[in-house]
Every structure is written in C-alpha cells, then in structure tokens.
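A short write-up of the structure that comes next.
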Amino acid sequence: MSYHHSQMMFSQPMPRQSMAEADAYTGKSAETRHLKPGEISTGTTIMAVQFDGGVILCADSRVSTGAYVANRASDKIAQLHDHIWCCRSGSAADTQALTDYVRHYLAQLAVETGRPPEVKVAAHLMRRLCYENKDNLMAGVIVGGWDPVSGGSVYSIPLGGACIPLPFAIGGSGSTFIYGLVDAEFRENMTKDEALALVKKAVSHAMARDGSSGGIIRTLVATEEGNEKDYVSGNQLPYGPAGW
C-alpha cells in the first residue's frame, strides 16, 4: 500500500453518530451513560416534612435496576421504633440492612433506659453506620419521627454519612426536580393537611420528570397519638400523566 493511498484512506471523514444513536447501540440511556462496567443505576424520590405536631414522610414506590423496574409497589418507608421512621434511597439491600441494625439497637436502648428513644439518637446511629462503612454502602436516608423531648424532627443522612437536622428533607434521584418547588411551598408550622398536600404535590412532580421514580405515593404521619399510613394510587396523583 502506498503512502498516498493510506493517507487518502485516513483522510476520509468518519460518519457522525449522535449520542442517542450511540446509546441505542450500547443499550444505555442518559441516566446510565456515566456508569462503570458492572454498575447499575438506581432511583427514587423520598421526602420528610415537619408540621405542627409531628412529621410526615413520603416516598414513591418504584425500585429500578437500570432501565428495568424490579418492583413497582415497594415500601420505602421503614419503621425504626414506635414513632421513628426512615425513608430509604440508594441500594435496597444496603438500606434494608441499615434499618435492621438501627431497629435492633433502638429496641435494646429502650429496654435498657426504660423510655422511648429520641429521633436524634436514631439519626446518629444511622449516621455512624453510614459513615464508618461509606466505602461499601450506597445509602441515602431520611430519618424522621416524634419523641417527647424534641417533638417532630427530621434528619437527612446523605451519601457519605453526614447528619443534618432540617425542617424538611428530600432525597433520591427525583429530588433534583423539586428543590425549587419545595423551597417555594414550604412554611414553618404547617397543619397536617397542608403538609400532606405539599409532600404529595412535590413527589408527584418528581415522579412525572424522573424516569427512576414512579408507581404510587406512600405517606406516613408520625405524631404523639400514633402513626397513620396511607397511599395515593398511580391514577389519582395530584400531578402527572393521569391528570394531563
């Protein structure tokens, strides 16, 4: 092969391929393009809000494994003690193991002290487990509930193991779509009905925009009187395809 011929071959323009065409060829999407070989994408939308008298926790119900929906009606709100709950995001296996550990430790603490544990104690137990195992876990958790000392309180424990007390917390892949909405709508000392309307509105907006969030909306109201669990089915969401 002559030099001139090889130069002609390499000087020919290569056909351009769009990113969408490349993703279609490799079986990836915009959400999974950044993953390393062997990694899978997970997604969720979780939220907790203080109100006058307690805390409301809220979550969608979709468990995704990449582009595959593994469970469309899971329960991401786990009980840690009588009035203490947490919303789970990240790896389902990691967060289930964490909640099992914290539930066990809180039960032991309640027996030893003879009084119900504080939400702060549950959050710091979760924070310690997440921080000391941060290289091996993929877990973002929101701990919320009611206790006789602090009343209703919410703690955000993101990836890495920080522990941040907040009047409201949102997490998961769908949270990026609703920060502005929640900032605009949230008020201190809301009533229970106002807080319920806010979490349902915010999570339904996230579900409409985030491909990894969906299914139904589950809510949990934790107060001194007890706990109230409820859900909103997919065809009755306050915002989304069913209402368009």
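By order of appearance in the structure tokens: chains A, B, ..., then residues from 1 within every chain, and ligands from 1 in the order shown.
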
Run DSSP on the backbone of this structure and report the residues of range 86-190 of chain A it assigns to strand (DSSP E), as number ranges by chain.
A: 86-90, 139-147, 151-157, 164-166, 168-171

Generate a file of the selected residues that holds N, CA, C and O atoms, formatted as a CSV table (one decimal), in the first residue's frame.
chain,number,residue,atom,x,y,z
A,86,CYS,N,-37.9,5.9,58.8
A,86,CYS,CA,-36.9,6.4,57.8
A,86,CYS,C,-37.4,6.1,56.4
A,86,CYS,O,-38.0,5.1,56.1
A,87,CYS,N,-37.0,7.0,55.5
A,87,CYS,CA,-37.2,6.8,54.1
A,87,CYS,C,-35.8,6.4,53.5
A,87,CYS,O,-34.8,6.9,53.8
A,88,ARG,N,-35.9,5.4,52.6
A,88,ARG,CA,-34.6,4.8,52.1
A,88,ARG,C,-34.4,5.1,50.6
A,88,ARG,O,-35.4,5.0,49.9
A,89,SER,N,-33.2,5.4,50.3
A,89,SER,CA,-32.8,5.6,48.9
A,89,SER,C,-31.4,5.0,48.6
A,89,SER,O,-30.6,5.0,49.6
A,90,GLY,N,-31.2,4.6,47.4
A,90,GLY,CA,-29.9,4.0,47.1
A,90,GLY,C,-30.1,2.5,46.9
A,90,GLY,O,-31.0,2.1,46.2
A,139,ALA,N,-26.2,4.4,50.2
A,139,ALA,CA,-27.4,4.6,51.0
A,139,ALA,C,-27.6,6.1,51.3
A,139,ALA,O,-26.7,6.7,51.9
A,140,GLY,N,-28.7,6.6,51.0
A,140,GLY,CA,-29.1,7.9,51.4
A,140,GLY,C,-30.4,7.8,52.1
A,140,GLY,O,-31.4,7.3,51.6
A,141,VAL,N,-30.5,8.3,53.4
A,141,VAL,CA,-31.6,8.0,54.3
A,141,VAL,C,-32.1,9.3,54.9
A,141,VAL,O,-31.3,10.2,55.1
A,142,ILE,N,-33.4,9.4,55.1
A,142,ILE,CA,-34.0,10.5,55.8
A,142,ILE,C,-34.7,9.8,57.1
A,142,ILE,O,-35.5,8.9,56.9
A,143,VAL,N,-34.3,10.3,58.2
A,143,VAL,CA,-34.9,9.8,59.5
A,143,VAL,C,-35.8,10.8,60.0
A,143,VAL,O,-35.4,12.0,60.2
A,144,GLY,N,-37.0,10.4,60.4
A,144,GLY,CA,-38.0,11.4,60.9
A,144,GLY,C,-38.9,10.7,61.9
A,144,GLY,O,-39.1,9.5,61.9
A,145,GLY,N,-39.5,11.5,62.8
A,145,GLY,CA,-40.5,10.9,63.7
A,145,GLY,C,-40.8,11.9,64.9
A,145,GLY,O,-40.4,13.1,64.8
A,146,TRP,N,-41.4,11.4,65.9
A,146,TRP,CA,-41.8,12.2,67.0
A,146,TRP,C,-41.2,11.6,68.3
A,146,TRP,O,-41.2,10.3,68.4
A,147,ASP,N,-40.8,12.4,69.2
A,147,ASP,CA,-40.3,11.9,70.6
A,147,ASP,C,-40.7,13.0,71.6
A,147,ASP,O,-41.0,14.1,71.3
A,151,GLY,N,-40.2,16.6,70.1
A,151,GLY,CA,-41.4,16.7,69.2
A,151,GLY,C,-41.1,16.1,67.9
A,151,GLY,O,-40.3,15.1,67.7
A,152,GLY,N,-41.7,16.6,66.8
A,152,GLY,CA,-41.4,16.2,65.4
A,152,GLY,C,-40.1,16.7,65.0
A,152,GLY,O,-39.8,17.9,65.1
A,153,SER,N,-39.2,15.8,64.4
A,153,SER,CA,-37.9,16.3,63.9
A,153,SER,C,-37.5,15.4,62.7
A,153,SER,O,-37.9,14.2,62.5
A,154,VAL,N,-36.7,16.0,61.8
A,154,VAL,CA,-36.3,15.4,60.6
A,154,VAL,C,-34.8,15.5,60.4
A,154,VAL,O,-34.2,16.6,60.7
A,155,TYR,N,-34.1,14.4,60.0
A,155,TYR,CA,-32.7,14.4,59.8
A,155,TYR,C,-32.4,13.8,58.5
A,155,TYR,O,-32.9,12.7,58.1
A,156,SER,N,-31.5,14.5,57.7
A,156,SER,CA,-31.1,14.0,56.4
A,156,SER,C,-29.7,13.4,56.6
A,156,SER,O,-28.8,14.0,57.1
A,157,ILE,N,-29.5,12.1,56.0
A,157,ILE,CA,-28.2,11.4,56.1
A,157,ILE,C,-27.9,11.0,54.7
A,157,ILE,O,-28.3,10.0,54.2
A,164,ILE,N,-27.8,15.9,59.2
A,164,ILE,CA,-28.2,17.3,59.1
A,164,ILE,C,-29.6,17.4,59.6
A,164,ILE,O,-30.5,16.9,58.9
A,165,PRO,N,-29.9,18.1,60.7
A,165,PRO,CA,-31.3,18.4,61.1
A,165,PRO,C,-31.9,19.5,60.2
A,165,PRO,O,-31.3,20.5,60.0
A,166,LEU,N,-33.1,19.2,59.7
A,166,LEU,CA,-33.7,20.1,58.8
A,166,LEU,C,-35.2,20.2,59.0
A,166,LEU,O,-35.8,19.2,59.5
A,168,PHE,N,-37.3,20.3,56.6
A,168,PHE,CA,-37.8,19.4,55.6
A,168,PHE,C,-36.6,18.8,54.9
A,168,PHE,O,-35.5,19.4,54.8
A,169,ALA,N,-36.7,17.6,54.3
A,169,ALA,CA,-35.6,17.0,53.6
A,169,ALA,C,-36.2,16.2,52.4
A,169,ALA,O,-37.2,15.6,52.5
A,170,ILE,N,-35.4,16.3,51.3
A,170,ILE,CA,-35.8,15.5,50.1
A,170,ILE,C,-34.5,14.8,49.6
A,170,ILE,O,-33.4,15.3,49.8
A,171,GLY,N,-34.7,13.6,49.0
A,171,GLY,CA,-33.6,12.8,48.6
A,171,GLY,C,-34.0,11.9,47.4
A,171,GLY,O,-35.1,11.8,47.0

Excluding range 180-194 of chain A and its own-chain neighbours fewer than 4 positions away, which residues fall within 9 Å of it when counting only C-alpha atoms? Please give them as a VMD selection string.
chain A and resid 49 to 56 167 to 168 170 176 198 to 199 202 221

Go ahead and save the picked residues with all heavy atoms, as a short mmCIF file (atom, residue, chain, number, x, y, z; two decimals), in the first residue's frame.
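Final output, saved to selection35.cif:
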data_model
loop_
_atom_site.label_atom_id
_atom_site.label_comp_id
_atom_site.auth_asym_id
_atom_site.auth_seq_id
_atom_site.Cartn_x
_atom_site.Cartn_y
_atom_site.Cartn_z
N VAL A 49 -41.24 16.07 56.07
CA VAL A 49 -41.58 17.45 56.40
C VAL A 49 -42.08 17.52 57.84
O VAL A 49 -42.91 16.70 58.26
CB VAL A 49 -42.67 17.99 55.45
CG1 VAL A 49 -43.14 19.37 55.89
CG2 VAL A 49 -42.17 18.05 54.02
N GLN A 50 -41.57 18.50 58.59
CA GLN A 50 -42.12 18.78 59.91
C GLN A 50 -43.42 19.56 59.77
O GLN A 50 -43.56 20.38 58.88
CB GLN A 50 -41.14 19.63 60.73
CG GLN A 50 -39.89 18.93 61.21
CD GLN A 50 -39.01 19.87 62.01
OE1 GLN A 50 -39.33 21.04 62.19
NE2 GLN A 50 -37.88 19.37 62.47
N PHE A 51 -44.35 19.30 60.67
CA PHE A 51 -45.54 20.13 60.76
C PHE A 51 -45.87 20.33 62.23
O PHE A 51 -45.20 19.78 63.12
CB PHE A 51 -46.71 19.52 59.99
CG PHE A 51 -47.29 18.28 60.60
CD1 PHE A 51 -48.37 18.33 61.46
CD2 PHE A 51 -46.75 17.03 60.31
CE1 PHE A 51 -48.91 17.19 62.03
CE2 PHE A 51 -47.28 15.87 60.86
CZ PHE A 51 -48.36 15.96 61.74
N ASP A 52 -46.87 21.11 62.51
CA ASP A 52 -47.22 21.43 63.88
C ASP A 52 -47.85 20.22 64.55
O ASP A 52 -49.04 19.98 64.44
CB ASP A 52 -48.20 22.61 63.90
CG ASP A 52 -48.48 23.10 65.32
OD1 ASP A 52 -47.69 22.78 66.22
OD2 ASP A 52 -49.51 23.78 65.51
N GLY A 53 -46.99 19.41 65.22
CA GLY A 53 -47.50 18.23 65.91
C GLY A 53 -46.82 16.94 65.52
O GLY A 53 -47.07 15.90 66.14
N GLY A 54 -45.96 16.97 64.51
CA GLY A 54 -45.30 15.73 64.11
C GLY A 54 -44.53 15.86 62.83
O GLY A 54 -44.07 16.95 62.45
N VAL A 55 -44.42 14.75 62.13
CA VAL A 55 -43.63 14.66 60.90
C VAL A 55 -44.40 13.82 59.88
O VAL A 55 -45.08 12.86 60.24
CB VAL A 55 -42.25 14.02 61.19
CG1 VAL A 55 -41.55 13.61 59.90
CG2 VAL A 55 -41.37 14.96 61.97
N ILE A 56 -44.27 14.19 58.61
CA ILE A 56 -44.81 13.38 57.51
C ILE A 56 -43.66 12.90 56.65
O ILE A 56 -42.81 13.69 56.23
CB ILE A 56 -45.81 14.19 56.66
CG1 ILE A 56 -47.04 14.56 57.49
CG2 ILE A 56 -46.23 13.38 55.43
CD1 ILE A 56 -48.04 15.41 56.75
N PRO A 167 -35.85 21.32 58.69
CA PRO A 167 -37.32 21.38 58.79
C PRO A 167 -37.99 20.51 57.74
O PRO A 167 -39.11 20.05 57.92
CB PRO A 167 -37.64 22.86 58.59
CG PRO A 167 -36.46 23.41 57.84
CD PRO A 167 -35.27 22.62 58.32
N PHE A 168 -37.33 20.31 56.59
CA PHE A 168 -37.79 19.36 55.59
C PHE A 168 -36.57 18.79 54.88
O PHE A 168 -35.51 19.41 54.85
CB PHE A 168 -38.75 19.99 54.57
CG PHE A 168 -38.09 20.97 53.65
CD1 PHE A 168 -37.49 20.54 52.47
CD2 PHE A 168 -38.08 22.32 53.94
CE1 PHE A 168 -36.88 21.44 51.60
CE2 PHE A 168 -37.47 23.23 53.09
CZ PHE A 168 -36.87 22.79 51.92
N ILE A 170 -35.43 16.27 51.32
CA ILE A 170 -35.80 15.50 50.14
C ILE A 170 -34.55 14.78 49.64
O ILE A 170 -33.43 15.26 49.84
CB ILE A 170 -36.40 16.37 49.02
CG1 ILE A 170 -35.53 17.60 48.75
CG2 ILE A 170 -37.80 16.78 49.36
CD1 ILE A 170 -36.08 18.50 47.65
N THR A 176 -33.86 16.29 42.60
CA THR A 176 -33.28 17.43 41.87
C THR A 176 -34.33 18.21 41.10
O THR A 176 -34.11 19.38 40.77
CB THR A 176 -32.20 16.93 40.90
OG1 THR A 176 -32.77 15.96 40.02
CG2 THR A 176 -31.05 16.30 41.64
N LEU A 198 -48.51 19.20 50.48
CA LEU A 198 -47.20 19.57 49.94
C LEU A 198 -46.40 18.35 49.50
O LEU A 198 -45.86 18.32 48.40
CB LEU A 198 -46.42 20.37 50.99
CG LEU A 198 -44.95 20.66 50.64
CD1 LEU A 198 -44.84 21.46 49.35
CD2 LEU A 198 -44.26 21.39 51.78
N VAL A 199 -46.31 17.33 50.36
CA VAL A 199 -45.48 16.17 50.01
C VAL A 199 -46.06 15.43 48.82
O VAL A 199 -45.32 14.95 47.95
CB VAL A 199 -45.29 15.22 51.22
CG1 VAL A 199 -44.56 15.93 52.34
CG2 VAL A 199 -46.61 14.66 51.71
N ALA A 202 -45.25 17.55 45.68
CA ALA A 202 -43.83 17.55 45.32
C ALA A 202 -43.41 16.20 44.76
O ALA A 202 -42.74 16.12 43.71
CB ALA A 202 -42.99 17.90 46.55
N VAL A 221 -47.66 9.51 58.61
CA VAL A 221 -47.77 10.62 59.55
C VAL A 221 -47.42 10.11 60.93
O VAL A 221 -48.09 9.20 61.45
CB VAL A 221 -49.18 11.23 59.55
CG1 VAL A 221 -49.25 12.41 60.51
CG2 VAL A 221 -49.58 11.66 58.14
#

For CA of Lys134 in chain A and CA of Asp82 in chain A, the interatomic separation in Å (one decimal):
27.6 Å

Rounded to one decimal, what separation in Å do you get between CA of His81 in chain A and CA of Ser204 in chain A?
27.7 Å

Here is a test: counting only C-alpha atoms, which residue of A:Gly174, A:Lys201, A:Val121, A:Leu80 is nearest to Ala107 in chain A?
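Among A:Gly174, A:Lys201, A:Val121, A:Leu80, it is A:Leu80 that comes nearest to Ala107 in chain A.
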
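Comparing the minimum interatomic distances between Val119 in chain A and each of A:Thr95, A:Thr45, A:Ser74, A:Ser150, counting only C-alpha atoms, we find that A:Ser150 sits nearest.
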
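With only C-alpha atoms as the basis for measurement, A:His83 is the residue among A:Ala59, A:His83, A:Arg72, A:His124 that approaches Glu228 in chain A most closely.
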